[in-house]
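Okay, data.cif is below, mmCIF, C-alpha atoms:
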data_work
loop_
_atom_site.label_atom_id
_atom_site.label_comp_id
_atom_site.auth_asym_id
_atom_site.auth_seq_id
_atom_site.Cartn_x
_atom_site.Cartn_y
_atom_site.Cartn_z
CA MET A 1 0.00 0.00 0.00
CA GLY A 2 1.45 3.33 -1.05
CA TRP A 3 0.04 5.53 1.68
CA THR A 4 1.96 3.83 4.47
CA GLY A 5 5.13 4.77 2.58
CA SER A 6 4.11 8.40 2.10
CA LEU A 7 3.04 8.74 5.75
CA GLY A 8 6.38 7.26 6.74
CA ASP A 9 8.24 9.70 4.49
CA LEU A 10 6.60 12.60 6.33
CA VAL A 11 7.52 11.59 9.85
CA VAL A 12 11.22 12.43 10.01
CA PRO A 13 11.14 15.80 8.19
CA VAL A 14 8.10 16.88 10.23
CA ALA A 15 9.80 15.80 13.47
CA VAL A 16 13.00 17.69 12.60
CA VAL A 17 11.13 20.88 11.67
CA PHE A 18 8.64 20.68 14.55
CA LEU A 19 11.31 20.09 17.21
CA SER A 20 13.60 22.87 15.93
CA LEU A 21 10.77 25.41 15.66
CA TRP A 22 9.39 24.35 19.05
CA GLY A 23 12.85 24.88 20.57
CA LEU A 24 13.18 28.24 18.85
CA PHE A 25 9.72 29.24 20.13
CA GLN A 26 10.72 28.24 23.69
CA LYS A 27 13.90 30.36 23.33
CA VAL A 28 16.25 27.38 23.58
CA PRO A 29 19.66 27.61 21.82
CA VAL A 30 18.56 24.96 19.32
CA PHE A 31 21.83 24.17 17.56
CA ASP A 32 23.90 24.13 20.78
CA CYS A 33 21.43 21.71 22.32
CA PHE A 34 21.50 19.60 19.19
CA LEU A 35 25.30 19.32 19.30
CA GLU A 36 25.26 18.43 22.98
CA GLY A 37 22.66 15.73 22.42
CA ALA A 38 24.40 14.37 19.31
CA ALA A 39 27.63 14.00 21.31
CA GLY A 40 25.59 11.95 23.80
CA GLY A 41 24.51 9.75 20.86
CA ILE A 42 28.16 8.94 20.16
CA ARG A 43 28.65 7.93 23.80
CA THR A 44 25.63 5.61 23.59
CA ALA A 45 26.95 3.99 20.41
CA VAL A 46 30.36 3.44 22.01
CA ARG A 47 28.74 2.07 25.19
CA ILE A 48 26.81 -0.63 23.33
CA LEU A 49 29.74 -1.63 21.08
CA PRO A 50 31.28 -4.23 23.47
CA ALA A 51 27.92 -6.00 23.83
CA LEU A 52 27.46 -5.91 20.05
CA VAL A 53 30.91 -7.45 19.48
CA GLY A 54 30.24 -10.26 21.98
CA LEU A 55 26.77 -11.07 20.73
CA MET A 56 27.56 -10.67 17.03
CA THR A 57 30.40 -13.17 17.43
CA ALA A 58 28.14 -15.64 19.26
CA VAL A 59 25.24 -15.22 16.82
CA SER A 60 27.50 -15.54 13.73
CA MET A 61 29.08 -18.74 15.08
CA PHE A 62 25.64 -20.07 16.02
CA ARG A 63 24.37 -19.50 12.49
CA ALA A 64 27.46 -20.80 10.67
CA SER A 65 27.40 -24.05 12.69
CA GLY A 66 23.87 -24.82 11.55
CA ALA A 67 22.53 -24.64 15.13
CA LEU A 68 20.26 -21.73 14.22
CA ASP A 69 18.65 -23.80 11.44
CA VAL A 70 17.90 -26.57 13.94
CA LEU A 71 16.37 -24.13 16.41
CA THR A 72 14.26 -22.51 13.69
CA TRP A 73 13.20 -25.93 12.41
CA ALA A 74 12.11 -27.01 15.89
CA LEU A 75 9.96 -23.91 16.38
CA ARG A 76 8.54 -23.84 12.84
CA PRO A 77 5.22 -25.62 13.64
CA LEU A 78 4.48 -23.20 16.49
CA ALA A 79 5.28 -20.16 14.34
CA GLY A 80 3.26 -21.56 11.43
CA LEU A 81 0.23 -21.75 13.69
CA ALA A 82 0.46 -17.98 14.29
CA GLY A 83 1.32 -17.18 10.65
CA PHE A 84 4.74 -15.98 11.80
CA PRO A 85 7.66 -16.18 9.29
CA GLU A 86 10.24 -18.77 10.39
CA GLU A 87 13.15 -16.46 9.53
CA ALA A 88 12.01 -14.03 12.24
CA ILE A 89 11.75 -16.68 15.00
CA PRO A 90 15.26 -16.04 16.39
CA LEU A 91 14.40 -12.33 16.75
CA ALA A 92 11.23 -13.14 18.69
CA LEU A 93 13.28 -15.36 21.01
CA LEU A 94 16.04 -12.86 21.74
CA ARG A 95 14.10 -9.58 21.69
CA PRO A 96 12.64 -9.88 25.23
CA VAL A 97 16.05 -10.76 26.67
CA SER A 98 18.67 -8.54 25.05
CA GLY A 99 18.47 -5.23 23.19
CA SER A 100 21.91 -5.59 21.58
CA GLY A 101 21.28 -9.23 20.73
CA ALA A 102 18.02 -8.25 19.02
CA LEU A 103 19.81 -5.59 16.95
CA VAL A 104 22.33 -8.19 15.79
CA ILE A 105 19.66 -10.75 14.81
CA PHE A 106 17.49 -8.04 13.22
CA GLU A 107 20.33 -6.89 10.97
CA ASP A 108 21.01 -10.52 10.08
CA ILE A 109 17.38 -11.04 8.98
CA LEU A 110 17.42 -7.81 6.91
CA ALA A 111 20.63 -8.91 5.17
CA ASN A 112 19.39 -12.46 4.45
CA CYS A 113 15.73 -11.86 3.53
CA GLY A 114 15.77 -8.22 2.42
CA PRO A 115 14.15 -5.34 4.33
CA ASP A 116 11.10 -5.22 2.04
CA SER A 117 10.37 -8.98 2.12
CA PHE A 118 7.57 -10.40 4.27
CA ALA A 119 10.01 -11.72 6.91
CA GLY A 120 12.01 -8.47 6.79
CA ARG A 121 8.91 -6.37 7.39
CA VAL A 122 7.60 -8.59 10.19
CA ALA A 123 11.03 -8.43 11.84
CA SER A 124 11.00 -4.61 11.49
CA VAL A 125 7.54 -4.26 13.03
CA LEU A 126 8.48 -6.67 15.83
CA GLN A 127 11.75 -4.81 16.49
CA GLY A 128 9.92 -1.46 16.52
CA SER A 129 6.96 -2.46 18.66
CA THR A 130 8.46 -4.57 21.48
CA GLU A 131 10.94 -3.99 24.30
CA THR A 132 13.60 -5.90 26.25
CA THR A 133 11.03 -7.27 28.71
CA PHE A 134 13.22 -9.36 31.04
CA TYR A 135 15.93 -6.73 31.34
CA THR A 136 13.36 -4.02 32.18
CA ILE A 137 11.74 -6.17 34.87
CA ALA A 138 15.15 -7.01 36.37
CA VAL A 139 16.37 -3.41 36.46
CA TYR A 140 13.13 -1.78 37.69
CA TYR A 141 12.49 -4.21 40.54
CA GLY A 142 16.20 -4.39 41.34
CA ALA A 143 16.18 -0.65 42.07
CA VAL A 144 13.62 -1.06 44.87
CA LYS A 145 14.79 -4.53 46.02
CA VAL A 146 11.49 -6.19 45.21
CA SER A 147 11.87 -9.94 44.70
CA ARG A 148 8.24 -11.06 44.58
CA THR A 149 7.13 -9.63 41.26
CA ARG A 150 3.70 -11.34 41.41
CA HIS A 151 1.93 -11.24 38.02
CA THR A 152 4.43 -8.89 36.31
CA LEU A 153 6.13 -11.53 34.15
CA PRO A 154 2.96 -13.34 32.97
CA ALA A 155 1.31 -10.02 32.02
CA ALA A 156 4.45 -8.79 30.22
CA VAL A 157 4.74 -12.09 28.32
CA VAL A 158 1.08 -11.83 27.26
CA GLY A 159 1.99 -8.40 25.83
CA ASP A 160 5.05 -9.76 23.99
CA LEU A 161 3.19 -12.72 22.48
CA THR A 162 0.41 -10.36 21.36
CA GLY A 163 3.09 -8.18 19.74
CA PHE A 164 4.62 -11.16 17.88
CA ILE A 165 1.26 -12.30 16.48
CA ALA A 166 0.08 -8.76 15.76
CA SER A 167 3.25 -7.90 13.80
CA ALA A 168 2.71 -10.82 11.41
CA LEU A 169 -1.02 -10.08 11.06
CA LEU A 170 -0.50 -6.35 10.53
CA VAL A 171 2.22 -6.79 7.90
CA ARG A 172 -0.24 -9.04 6.01
CA PHE A 173 -2.94 -6.40 6.42
CA PHE A 174 -0.84 -3.40 5.34
CA PHE A 175 1.31 -5.01 2.64
CA GLY A 176 -0.67 -8.06 1.50
CA PRO A 177 0.43 -11.69 1.98
CA MET B 178 15.42 -10.29 40.45
CA GLY B 179 18.04 -7.59 40.00
CA LYS B 180 20.43 -6.13 37.51
CA ASP B 181 22.84 -8.98 38.29
CA ASP B 182 20.25 -11.55 37.25
CA ALA B 183 20.02 -9.89 33.85
CA ALA B 184 23.81 -10.19 33.53
CA VAL B 185 23.70 -13.85 34.61
CA MET B 186 21.01 -14.54 31.98
CA MET B 187 23.19 -12.96 29.27
CA THR B 188 26.21 -14.99 30.43
CA TRP B 189 24.21 -18.19 30.02
CA ILE B 190 22.89 -17.21 26.59
CA PHE B 191 26.38 -16.27 25.40
CA CYS B 192 28.00 -19.45 26.71
CA ALA B 193 25.19 -21.71 25.45
CA MET B 194 25.38 -20.19 21.97
CA ALA B 195 29.17 -20.57 21.82
CA ALA B 196 29.09 -24.17 23.12
CA LEU B 197 26.24 -25.19 20.80
CA SER B 198 28.10 -23.64 17.85
CA LEU B 199 31.07 -25.89 18.61
CA VAL B 200 28.90 -29.00 18.95
CA PHE B 201 26.85 -28.35 15.81
CA GLY B 202 29.92 -27.20 13.89
CA LEU B 203 31.66 -30.53 14.65
CA MET B 204 28.53 -32.55 13.87
CA ASN B 205 27.91 -30.80 10.56
CA GLY B 206 31.58 -30.60 9.61
CA ARG B 207 31.38 -26.81 9.43
CA MET B 208 34.21 -25.84 11.78
CA GLY B 209 35.84 -23.80 9.02
CA GLN B 210 32.73 -21.68 8.61
CA VAL B 211 32.30 -21.33 12.38
CA SER B 212 35.85 -20.13 12.77
CA ALA B 213 35.49 -17.60 9.96
CA ALA B 214 32.14 -16.46 11.37
CA ALA B 215 33.66 -15.73 14.79
CA LEU B 216 36.18 -13.32 13.27
CA GLU B 217 33.74 -11.82 10.78
CA GLY B 218 31.12 -11.40 13.50
CA SER B 219 33.32 -9.25 15.68
CA SER B 220 34.21 -6.86 12.87
CA ALA B 221 30.61 -6.86 11.61
CA ALA B 222 29.63 -5.54 15.07
CA VAL B 223 31.76 -2.46 14.44
CA THR B 224 30.09 -1.96 11.03
CA LEU B 225 26.69 -2.32 12.71
CA SER B 226 27.48 0.34 15.29
CA LEU B 227 28.74 2.66 12.53
CA LYS B 228 25.47 2.15 10.64
CA LEU B 229 23.61 3.22 13.78
CA LEU B 230 25.92 6.05 14.78
CA GLY B 231 24.47 8.71 12.49
CA ALA B 232 20.85 8.01 13.35
CA MET B 233 21.69 7.85 17.06
CA CYS B 234 23.46 11.23 16.95
CA LEU B 235 20.68 12.89 14.95
CA TRP B 236 17.95 11.59 17.23
CA SER B 237 19.82 12.25 20.49
CA GLY B 238 20.49 15.78 19.26
CA LEU B 239 16.84 16.42 18.42
CA MET B 240 15.73 14.89 21.70
CA GLU B 241 18.07 17.13 23.67
CA VAL B 242 16.24 20.06 22.02
CA ALA B 243 12.90 18.46 22.99
CA GLU B 244 13.97 18.04 26.61
CA ARG B 245 15.47 21.48 27.06
CA SER B 246 12.34 23.06 25.59
CA ARG B 247 10.23 21.08 28.12
CA LEU B 248 8.39 19.02 25.52
CA THR B 249 8.58 15.92 27.75
CA GLU B 250 6.74 17.83 30.50
CA LYS B 251 4.05 19.06 28.10
CA LEU B 252 3.59 15.57 26.70
CA SER B 253 3.39 14.05 30.18
CA ARG B 254 0.34 16.23 30.95
CA LEU B 255 -1.54 14.73 27.97
CA PHE B 256 -1.15 11.38 29.67
CA THR B 257 -3.33 12.36 32.70
CA PRO B 258 -6.67 10.85 31.49
CA VAL B 259 -5.03 7.49 30.73
CA PHE B 260 -3.18 7.73 34.02
CA ARG B 261 -6.43 8.04 36.02
CA LEU B 262 -7.81 5.01 34.21
CA LEU B 263 -4.74 2.84 34.91
CA PHE B 264 -3.52 3.90 38.35
CA HIS B 265 -6.63 4.00 40.54
CA GLY B 266 -6.11 5.90 43.76
CA LEU B 267 -2.77 7.42 42.75
CA SER B 268 -2.77 11.19 42.29
CA PRO B 269 -1.24 12.34 38.98
CA SER B 270 0.30 15.31 40.83
CA SER B 271 2.01 13.19 43.51
CA PRO B 272 5.79 12.71 43.10
CA ALA B 273 5.21 9.12 41.96
CA GLY B 274 2.47 10.22 39.54
CA ARG B 275 4.68 12.92 38.01
CA ALA B 276 7.64 10.56 37.61
CA ILE B 277 5.40 7.95 35.96
CA ALA B 278 3.96 10.50 33.49
CA MET B 279 7.44 11.84 32.64
CA ASN B 280 8.70 8.28 32.12
CA VAL B 281 5.83 7.54 29.72
CA ALA B 282 6.47 10.78 27.81
CA ALA B 283 10.19 9.98 27.53
CA ASN B 284 9.31 6.49 26.26
CA LEU B 285 6.95 7.93 23.63
CA LEU B 286 9.76 10.14 22.32
CA GLY B 287 12.22 7.24 22.34
CA LEU B 288 14.42 8.85 25.00
CA GLY B 289 15.79 5.59 26.41
CA ASN B 290 18.52 7.36 28.36
CA ALA B 291 16.06 9.65 30.14
CA ALA B 292 13.23 7.12 30.52
CA THR B 293 15.14 4.65 32.71
CA PRO B 294 16.24 7.10 35.48
CA LEU B 295 12.70 8.56 35.52
CA GLY B 296 11.26 5.05 35.73
CA LEU B 297 13.56 4.09 38.60
CA ALA B 298 12.63 7.34 40.40
CA ALA B 299 8.95 6.42 39.95
CA MET B 300 9.60 2.95 41.40
CA ARG B 301 11.31 4.47 44.46
CA GLU B 302 8.41 6.90 44.96
CA LEU B 303 5.92 4.05 44.69
CA ALA B 304 7.93 2.01 47.20
CA ALA B 305 8.00 4.97 49.61
CA GLN B 306 4.26 5.56 49.21
CA GLU B 307 3.14 2.00 49.82
CA PRO B 308 5.75 0.02 51.81
CA CYS B 309 6.01 -3.29 50.03
CA HIS B 310 8.41 -5.51 52.03
CA GLY B 311 9.84 -7.25 48.98
CA ALA B 312 6.56 -7.76 47.14
CA ALA B 313 5.43 -5.61 44.21
CA SER B 314 2.31 -3.47 44.70
CA ASP B 315 -0.43 -3.36 42.05
CA HIS B 316 0.78 0.06 40.87
CA MET B 317 4.35 -1.21 40.56
CA VAL B 318 3.27 -4.23 38.52
CA LEU B 319 1.23 -2.06 36.18
CA PHE B 320 4.02 0.47 35.77
CA VAL B 321 6.72 -2.15 35.07
CA VAL B 322 4.41 -3.95 32.62
CA LEU B 323 3.86 -0.61 30.85
CA ASN B 324 7.64 -0.26 30.51
CA THR B 325 8.11 -3.79 29.13
CA ALA B 326 5.90 -2.81 26.19
CA SER B 327 7.19 -0.43 23.54
CA LEU B 328 5.60 3.03 23.45
CA GLN B 329 8.13 4.63 21.08
CA LEU B 330 6.42 6.69 18.36
CA ILE B 331 9.33 6.84 15.90
CA PRO B 332 11.52 3.72 15.85
CA THR B 333 14.64 5.44 14.49
CA THR B 334 17.13 2.60 15.06
CA THR B 335 14.87 0.14 13.24
CA ALA B 336 14.45 2.55 10.32
CA ALA B 337 18.20 3.30 10.16
CA LEU B 338 18.99 -0.41 9.84
CA ARG B 339 16.26 -0.83 7.20
CA LEU B 340 17.76 2.04 5.22
CA ALA B 341 21.28 0.58 5.54
CA ALA B 342 19.95 -2.76 4.27
CA GLY B 343 18.63 -1.03 1.12
CA SER B 344 14.92 -0.66 1.92
CA SER B 345 13.07 1.43 -0.67
CA SER B 346 10.95 2.95 2.11
CA PRO B 347 12.43 2.51 5.61
CA PHE B 348 9.48 4.13 7.39
CA GLU B 349 6.66 2.34 5.53
CA ILE B 350 6.34 0.00 8.53
CA LEU B 351 5.28 2.88 10.80
CA PRO B 352 1.47 2.40 10.78
CA ALA B 353 1.97 -1.32 11.39
CA VAL B 354 4.40 -0.56 14.25
CA TRP B 355 1.87 1.80 15.89
CA CYS B 356 -0.99 -0.72 15.62
CA SER B 357 1.22 -3.55 16.87
CA SER B 358 2.47 -1.48 19.84
CA LEU B 359 -1.09 -0.53 20.71
CA CYS B 360 -2.18 -4.19 20.59
CA SER B 361 0.67 -5.43 22.78
CA VAL B 362 0.43 -2.56 25.32
CA SER B 363 -3.34 -3.04 25.66
CA ALA B 364 -2.99 -6.81 25.98
CA ALA B 365 -0.23 -6.50 28.61
CA LEU B 366 -2.15 -3.94 30.71
CA LEU B 367 -5.42 -5.87 30.42
CA ALA B 368 -3.61 -9.05 31.47
CA ALA B 369 -2.05 -7.22 34.45
CA LYS B 370 -5.48 -5.96 35.56
CA LEU B 371 -7.08 -9.39 35.09
CA PHE B 372 -4.31 -11.31 36.89
CA GLN B 373 -4.54 -8.75 39.69
CA ARG B 374 -8.25 -9.46 40.19
CA PHE B 375 -7.80 -13.21 39.70
CA GLY B 376 -4.92 -13.32 42.21
CA ARG B 377 -6.96 -11.41 44.80
CA GLY B 378 -9.94 -13.72 44.43
CA ARG B 379 -7.79 -16.80 44.96
CA HIS B 380 -5.57 -15.73 47.82
CA GLY B 381 -7.89 -13.30 49.58
CA LEU B 382 -5.68 -10.44 50.72
CA ASP B 383 -2.47 -10.34 48.75
CA ARG B 384 -0.53 -7.72 50.62
#

Rewrite the structure of this file - the entire thing - as structure tokens.
Amino acid sequence: MGWTGSLGDLVVPVAVVFLSLWGLFQKVPVFDCFLEGAAGGIRTAVRILPALVGLMTAVSMFRASGALDVLTWALRPLAGLAGFPEEAIPLALLRPVSGSGALVIFEDILANCGPDSFAGRVASVLQGSTETTFYTIAVYYGAVKVSRTRHTLPAAVVGDLTGFIASALLVRFFFGP
Amino acid sequence: MGKDDAAVMMTWIFCAMAALSLVFGLMNGRMGQVSAAALEGSSAAVTLSLKLLGAMCLWSGLMEVAERSRLTEKLSRLFTPVFRLLFHGLSPSSPAGRAIAMNVAANLLGLGNAATPLGLAAMRELAAQEPCHGAASDHMVLFVVLNTASLQLIPTTTAALRLAAGSSSPFEILPAVWCSSLCSVSAALLAAKLFQRFGRGRHGLDR
């Protein structure tokens, strides 16, 4: 569908213009702020690099050995039931656990299937619409020393599973099967 | 559960993947490929971070402008009606309420670096307001569940990687991302509310 593309094309330019004008209107030194924030972006990129190196090495070895094929093969019936592309299964497995790991697998899927393929689009929607569930739960409760998390994990997992199924359904709806 | 548990989980995943690669590599006679992949993987990680660097700088820069011009605060006020619906009995103007609303606003804008400290501040305020003795309160559960779902309006990292992979329209997935986020957030919150009621009915008083 063409309109999803044209809506998408609008978002970044509108965001850039809106934020700069808003800053100007609020009498903020827009370009100074931008530079300060952009420098922070470099620090973030450097901070995640060690995790990316570790996980990219592990994921590449895992794929080259054929272990990833076996894992995907084992989960294929379950994914088929939900209409979920088998190539995106590894992303669904790692996304709730590790942000860097998900980035690595996501890039792998884009390179192997193409970003505009069915699997590539489902992986993109999944990557864009879910979070690192387990890490968030660990960090948030860790900060207040809460160990009995009651129904947090089941509810969060319901959300994640809904996201997995919804991403496959919505890609079919917006882009056709 | 704590931050250490997250690290332990990653250690296990890393070690299991490495060990399984060795086993499957030997079984399939693909040790050559595994060895090459290990070296290629580490340098591919640097390429990946370079692909992300530009988008990260651009977005962090724009978001600094948004924060300094108090857009997060403005946005957090729009959240009040939803807040009243979700957090019964918690005042939106209490310290916990304000921290929660700011955290949600930061998440909407994709300000990961700002959202986490705000979220942790909200957790501490909630803990101070309703002493929990190691067990999560209903508000805490709901708030953490909200943070395990993605609220980000513009998934810049995802789009940057799509562009780098040669997508003809990196942002075409946006409407699908919004609908999918909405589905998973609603399902997670609904599940939290249902489990809360279900748990109460079964155990009587929970706290």

Can you tell me, as a PyMOL selection string, what residues are no more than 10 Å from segment 282-286 of chain B when counting all atoms listed in the file, ignoring any on the same chain fewer than 5 positions away?
chain B and resi 236+240+243-244+248-256+276-277+291-293+295-296+324+326-332

With C-alpha atoms retained, export the selected residues as a tab-separated table (two decimals), in the coordinates of the input.
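File produced: out_34.tsv:
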chain	number	residue	atom	x	y	z
B	236	TRP	CA	17.95	11.59	17.23
B	240	MET	CA	15.73	14.89	21.70
B	243	ALA	CA	12.90	18.46	22.99
B	244	GLU	CA	13.97	18.04	26.61
B	248	LEU	CA	8.39	19.02	25.52
B	249	THR	CA	8.58	15.92	27.75
B	250	GLU	CA	6.74	17.83	30.50
B	251	LYS	CA	4.05	19.06	28.10
B	252	LEU	CA	3.59	15.57	26.70
B	253	SER	CA	3.39	14.05	30.18
B	254	ARG	CA	0.34	16.23	30.95
B	255	LEU	CA	-1.54	14.73	27.97
B	256	PHE	CA	-1.15	11.38	29.67
B	276	ALA	CA	7.64	10.56	37.61
B	277	ILE	CA	5.40	7.95	35.96
B	291	ALA	CA	16.06	9.65	30.14
B	292	ALA	CA	13.23	7.12	30.52
B	293	THR	CA	15.14	4.65	32.71
B	295	LEU	CA	12.70	8.56	35.52
B	296	GLY	CA	11.26	5.05	35.73
B	324	ASN	CA	7.64	-0.26	30.51
B	326	ALA	CA	5.90	-2.81	26.19
B	327	SER	CA	7.19	-0.43	23.54
B	328	LEU	CA	5.60	3.03	23.45
B	329	GLN	CA	8.13	4.63	21.08
B	330	LEU	CA	6.42	6.69	18.36
B	331	ILE	CA	9.33	6.84	15.90
B	332	PRO	CA	11.52	3.72	15.85

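For the atom pair formed by atom CA of Gly163 of chain A and atom CA of Ser361 of chain B, the distance is 4.8 Å, given to one decimal.
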
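Proximity of A:Tyr135, A:Phe18, A:Tyr141, A:Phe84 to Ser314 of chain B, computed with all atoms listed in the file, is greatest for A:Tyr141.
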
Neighbour list for Ala102 of chain A as a PyMOL selection string, cut-off 8 Å, all atoms listed in the file, skip fewer than 6 positions in-chain
chain A and resi 91+94-95+127

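When the distance limit is 7 Å and all atoms listed in the file are what count, the residues near segment 53-69 of chain A, minus those fewer than 2 positions from it on the same chain, are Leu49, Pro50, Ala51, Leu71, Thr72, Trp73, Gly101 and Val104 of chain A; Phe191, Met194, Ala195, Leu197, Ser198, Phe201, Gly202, Arg207, Gln210, Val211, Ala214, Ala215, Gly218, Ser219 and Ala222 of chain B.
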
With all atoms listed in the file counted, which protein, DNA or RNA residues have an atom no more than 12 Å from (9.1, 26.7, 16.4) in the file frame? Please answer as a list in words.
Val14, Ala15, Val16, Val17, Phe18, Leu19, Ser20, Leu21, Trp22, Gly23, Leu24, Phe25, Gln26, Lys27, Val28, Pro29 and Val30 of chain A; Val242, Ala243, Ser246 and Leu248 of chain B

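Shell of segment 145-158 of chain A at 7 Å, with all atoms listed in the file counted and residues fewer than 3 places along the chain excluded, is Thr133, Tyr141, Gly142, Leu161 and Thr162 of chain A; Met178, Gly311, Ala312, Ala313, Val318, Val322, Thr325, Ala364, Ala365, Ala368, Ala369 and Phe372 of chain B.
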
Of the listed residues B:Ser268, B:Thr257, B:Ser220, B:Thr188, that which approaches chain A most closely, counting all atoms listed in the file:
B:Ser220

Could the centre and edge lengths of an axis-aligned box, enclosing all atoms of segment 353-363 of chain B in the file with 5 Å extra on each side, be given in Å to one decimal as lines of an AutoDock Vina configuration file?
center_x = 0.5
center_y = -1.8
center_z = 18.5
size_x = 17.7
size_y = 17.2
size_z = 24.3

Could you pull the residues within 9 Å of Val122 of chain A, counting all atoms listed in the file, minus those fewer than 5 positions along the same chain, as JSON, numbers by chain?
{"A": [84, 85, 88, 117, 127, 164, 167, 168, 169, 170, 171, 172], "B": [350]}

Provide the atom CA of Arg76 of chain A to atom CA of Ser358 of chain B distance in Å, to one decimal place.
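If I compute the distance from atom CA of Arg76 of chain A to atom CA of Ser358 of chain B, I get 24.2 Å.
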